[in-house]
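Undergrad: Here it is, the structure in full.
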Amino acid sequence: MPTLIDHPPHLSPIGPPQPLSGLTVLVIEDSRFASEAVRLLCLKSGARIRRADSLGAAHRHLAVYLPTVVIVDVGLPDGSGIDLIRTLAHAVQRIPVILATSGDDRRFPDALDAGADGLLAKPIESLGLFQKTVRDLLPPEQRPGGLRIVPSDVVVPDPIAFHDDLAHIAEVLNGREDARTLDYAAHFLAGVARSAHDGALEQAAERLAQTRARGGCFGTDLARLAGLLQDRLESRAVI
């Protein structure tokens, strides 16, 4: 089950116990682990959350309702989150807060140029940082009044969500070595591993991404990444 690690808060004058109460957040994120972290942060903050795991799903959500906050992963399975950010930023009825998220900070300048209001670097786990980022970017008329305690809680998503992400990308990679699949898998795993604080897996994924970007021979890097992925899947199966 998801857990929440509580630490003594940074004390400020007290305000709303759930400072994002009444807000609706749409998180567009293909990682279940990263999405679960945002869900826990919204739950603790009083915000309602919906999730889309692709650009197609995001457009279907946005055709029905307009959230207060949208959090867009810049790398999605069916296209670039940057393009969606640009579309949303220039819409006639603009979403109040558009946030970009990624496990690769180098992709953030493009998100800002596209019109993102702010950034959430993975891992997204600090309750205080999440609440402050959203609150500070809200229009004044939608911003909760008063001062408050800034919590230092850190959310810890269920490890099963991490395993599900690994199983998903193992299925995506099964027998496929085309450029689009490899690039997507490398960036996806780097972000997931960073969110889960799995340094070895993150480094292996980043190495594959860098080799691919240079146009180098990637066989060794892919084999190492596949081995680490299999090790983690087998360890979870044993447990």
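Labels used: A, B, ... for chains in the order of the structure tokens, numbers from 1 for residues in each chain, and numbers from 1 for ligands as shown.
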If you run DSSP on this backbone, which residues of chain A come out as helix (DSSP H, G or I), and could you give them as a VMD selection string?
TA: chain A and resid 32 to 45 55 to 62 81 to 89 105 to 114 127 to 137 140 to 142 159 to 173 179 to 195 199 to 214 219 to 238
Undergrad: Show me, as JSON lines, the residues of region 113-211 of chain A having an atom within 6 Å of region 97-105 of chain A, each with the closest atom pair and its distance in Å, using only C-alpha atoms.
TA:
{"residue": "A:Ala116", "atom": "CA", "partner": "A:Ile98", "partner_atom": "CA", "distance": 5.2}
{"residue": "A:Asp117", "atom": "CA", "partner": "A:Ile98", "partner_atom": "CA", "distance": 5.3}
{"residue": "A:Gly118", "atom": "CA", "partner": "A:Leu99", "partner_atom": "CA", "distance": 4.9}
{"residue": "A:Leu119", "atom": "CA", "partner": "A:Ala100", "partner_atom": "CA", "distance": 4.9}
{"residue": "A:Leu120", "atom": "CA", "partner": "A:Thr101", "partner_atom": "CA", "distance": 4.8}
{"residue": "A:Ala121", "atom": "CA", "partner": "A:Thr101", "partner_atom": "CA", "distance": 5.5}
{"residue": "A:Lys122", "atom": "CA", "partner": "A:Gly103", "partner_atom": "CA", "distance": 4.9}
{"residue": "A:Gly191", "atom": "CA", "partner": "A:Gly103", "partner_atom": "CA", "distance": 4.2}
Undergrad: Write the residues you've just listed into a file as a CSV table (one decimal), in the first residue's frame, and include N, CA, C and O atoms for each of them.
TA:
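File result.csv, as written:
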chain,number,residue,atom,x,y,z
A,116,ALA,N,5.1,26.5,-21.1
A,116,ALA,CA,4.8,26.0,-19.8
A,116,ALA,C,5.0,27.1,-18.7
A,116,ALA,O,5.9,27.9,-18.8
A,117,ASP,N,4.2,27.1,-17.7
A,117,ASP,CA,4.3,28.1,-16.6
A,117,ASP,C,5.3,27.7,-15.6
A,117,ASP,O,5.9,28.6,-14.9
A,118,GLY,N,5.6,26.4,-15.5
A,118,GLY,CA,6.6,26.0,-14.5
A,118,GLY,C,7.0,24.6,-14.7
A,118,GLY,O,6.6,23.9,-15.7
A,119,LEU,N,7.9,24.1,-13.9
A,119,LEU,CA,8.5,22.8,-14.1
A,119,LEU,C,8.5,21.9,-12.8
A,119,LEU,O,8.6,22.5,-11.7
A,120,LEU,N,8.3,20.6,-13.0
A,120,LEU,CA,8.4,19.7,-11.9
A,120,LEU,C,9.4,18.6,-12.3
A,120,LEU,O,9.1,17.7,-13.1
A,121,ALA,N,10.6,18.7,-11.7
A,121,ALA,CA,11.6,17.6,-12.1
A,121,ALA,C,11.3,16.4,-11.3
A,121,ALA,O,11.0,16.4,-10.1
A,122,LYS,N,11.5,15.2,-12.0
A,122,LYS,CA,11.4,13.9,-11.3
A,122,LYS,C,12.6,13.7,-10.5
A,122,LYS,O,13.7,14.0,-10.9
A,191,GLY,N,13.6,8.1,-16.6
A,191,GLY,CA,12.7,8.8,-15.7
A,191,GLY,C,12.1,8.0,-14.6
A,191,GLY,O,12.0,8.4,-13.5
Undergrad: Considering only C-alpha atoms, state which residue in the set A:Ile85, A:Leu43, A:Ile95, A:Ala52 is at the smallest distance from Pro67 (chain A).
TA: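 For Pro67 (chain A), the nearest of the given residues is A:Ile95.
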Undergrad: For Asp164 (chain A), which residue out of A:Gln203, A:Ser235, A:Ser54, A:Ser31 is the nearest one, using only C-alpha atoms?
TA: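 Among A:Gln203, A:Ser235, A:Ser54, A:Ser31, it is A:Ser31 that comes nearest to Asp164 (chain A).
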Undergrad: Excluding Leu201 (chain A) and its own-chain neighbours fewer than 5 positions away, which residues fall within 10 Å of it when counting only C-alpha atoms? Please give them as a list in words.
TA: Leu189, Ala190, Gly191, Val192, Ala193, Arg194, Ala196, Glu206, Arg207, Arg224, Leu225, Ala226, Gly227, Leu228, Leu229 and Arg232 of chain A
Undergrad: Since we have the selection now, will you write its residues out, keeping C-alpha atoms, as a CSV table (one decimal), in the first residue's frame?
TA:
chain,number,residue,atom,x,y,z
A,189,LEU,CA,13.3,4.0,-18.0
A,190,ALA,CA,15.6,6.9,-17.1
A,191,GLY,CA,12.7,8.8,-15.7
A,192,VAL,CA,11.1,5.9,-14.0
A,193,ALA,CA,14.4,4.8,-12.4
A,194,ARG,CA,15.1,8.4,-11.3
A,196,ALA,CA,12.4,5.2,-7.9
A,206,GLU,CA,20.9,7.4,-19.9
A,207,ARG,CA,23.9,5.7,-21.4
A,224,ARG,CA,23.2,-4.1,-20.1
A,225,LEU,CA,19.9,-2.2,-19.7
A,226,ALA,CA,17.9,-5.3,-20.6
A,227,GLY,CA,19.9,-7.4,-18.1
A,228,LEU,CA,19.2,-4.9,-15.3
A,229,LEU,CA,15.5,-4.8,-16.3
A,232,ARG,CA,14.5,-6.3,-11.3
